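Student: Can you read through this structure? Questions will come right after.
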Amino acid sequence: MAKAKPRKQKKLFSPFLVSLAAMTGWAATHEPGSFADFGMAGAWLLSAFAVGLLVCAALALLGPLGGLCVESLRLASSNPGAPTQRGKD
């Protein structure tokens with residue numbers, strides 16, 4: 001018999017789409033007055049890509065940091081009255 005493939009978890013949001021939305025939002029708000037100057041248009045385009053990459057990097061860091069915070073809160077709330085392990089030798 002064929003093994004059943006495990007289902008992928010549904011994500012709350014797609015990091016690619018969030019970074020794309022941030023990139024286009026930044027590009028729309030910082031649009032140059034004229035595209036006749038190719039240097040200015042190129043700098044604007046590179047800046048938009050940089051914003052998209054920064055948002056993508058921030059989202060990549062938020063996942064593990066959020067999990068770490070949730071785990072530390074879970075451990076702190078599971079046994080709040082217990083003494084810390086530092087005093088024991």
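Every chain in the structure tokens takes a letter, A first, then B, and so on in the order presented; its residues are numbered from 1, and the ligands are numbered from 1 following the presented order.
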For Trp26 in chain A, list every protein, DNA or RNA residue within 10 Å, evaluated using only C-alpha atoms, and leave out those in the same chain fewer than 6 positions away; present the list as an MDAnalysis selection string.
Tutor: chainID A and resid 20 44 47:49 51:52
Student: Find the spatial neighbours of Leu59 in chain A, counting only C-alpha atoms, within a cut-off of 8 Å - ignore same-chain residues fewer than 4 positions away - and output them as number ranges by chain.
Tutor: A: 15, 55, 63
Student: Got time to write the residues from that selection, all heavy atoms, as a PDB file, in the first residue's frame?
Tutor:
ATOM      1  N   PRO A  15       4.656  34.761   3.608  1.00  0.00           N
ATOM      2  CA  PRO A  15       5.703  35.781   3.766  1.00  0.00           C
ATOM      3  C   PRO A  15       6.066  36.469   2.452  1.00  0.00           C
ATOM      4  O   PRO A  15       6.379  37.661   2.444  1.00  0.00           O
ATOM      5  CB  PRO A  15       6.892  34.993   4.310  1.00  0.00           C
ATOM      6  CG  PRO A  15       6.312  33.768   4.905  1.00  0.00           C
ATOM      7  CD  PRO A  15       5.075  33.474   4.119  1.00  0.00           C
ATOM      8  N   VAL A  55      11.803  43.377   4.732  1.00  0.00           N
ATOM      9  CA  VAL A  55      10.575  42.823   5.307  1.00  0.00           C
ATOM     10  C   VAL A  55      10.637  41.300   5.315  1.00  0.00           C
ATOM     11  O   VAL A  55      10.240  40.656   6.294  1.00  0.00           O
ATOM     12  CB  VAL A  55       9.332  43.333   4.545  1.00  0.00           C
ATOM     13  CG1 VAL A  55       8.081  42.579   4.945  1.00  0.00           C
ATOM     14  CG2 VAL A  55       9.155  44.816   4.777  1.00  0.00           C
ATOM     15  N   GLY A  63       9.403  34.557  13.201  1.00  0.00           N
ATOM     16  CA  GLY A  63       8.894  33.218  13.480  1.00  0.00           C
ATOM     17  C   GLY A  63       9.616  32.537  14.636  1.00  0.00           C
ATOM     18  O   GLY A  63       8.988  32.158  15.638  1.00  0.00           O
TER      19      GLY A  63
END
Student: I'd like to know which residues of chain A are helix (DSSP H, G or I) (by DSSP, run on the backbone); could you write them as a VMD selection string?
Tutor: chain A and resid 15 to 29 38 to 78
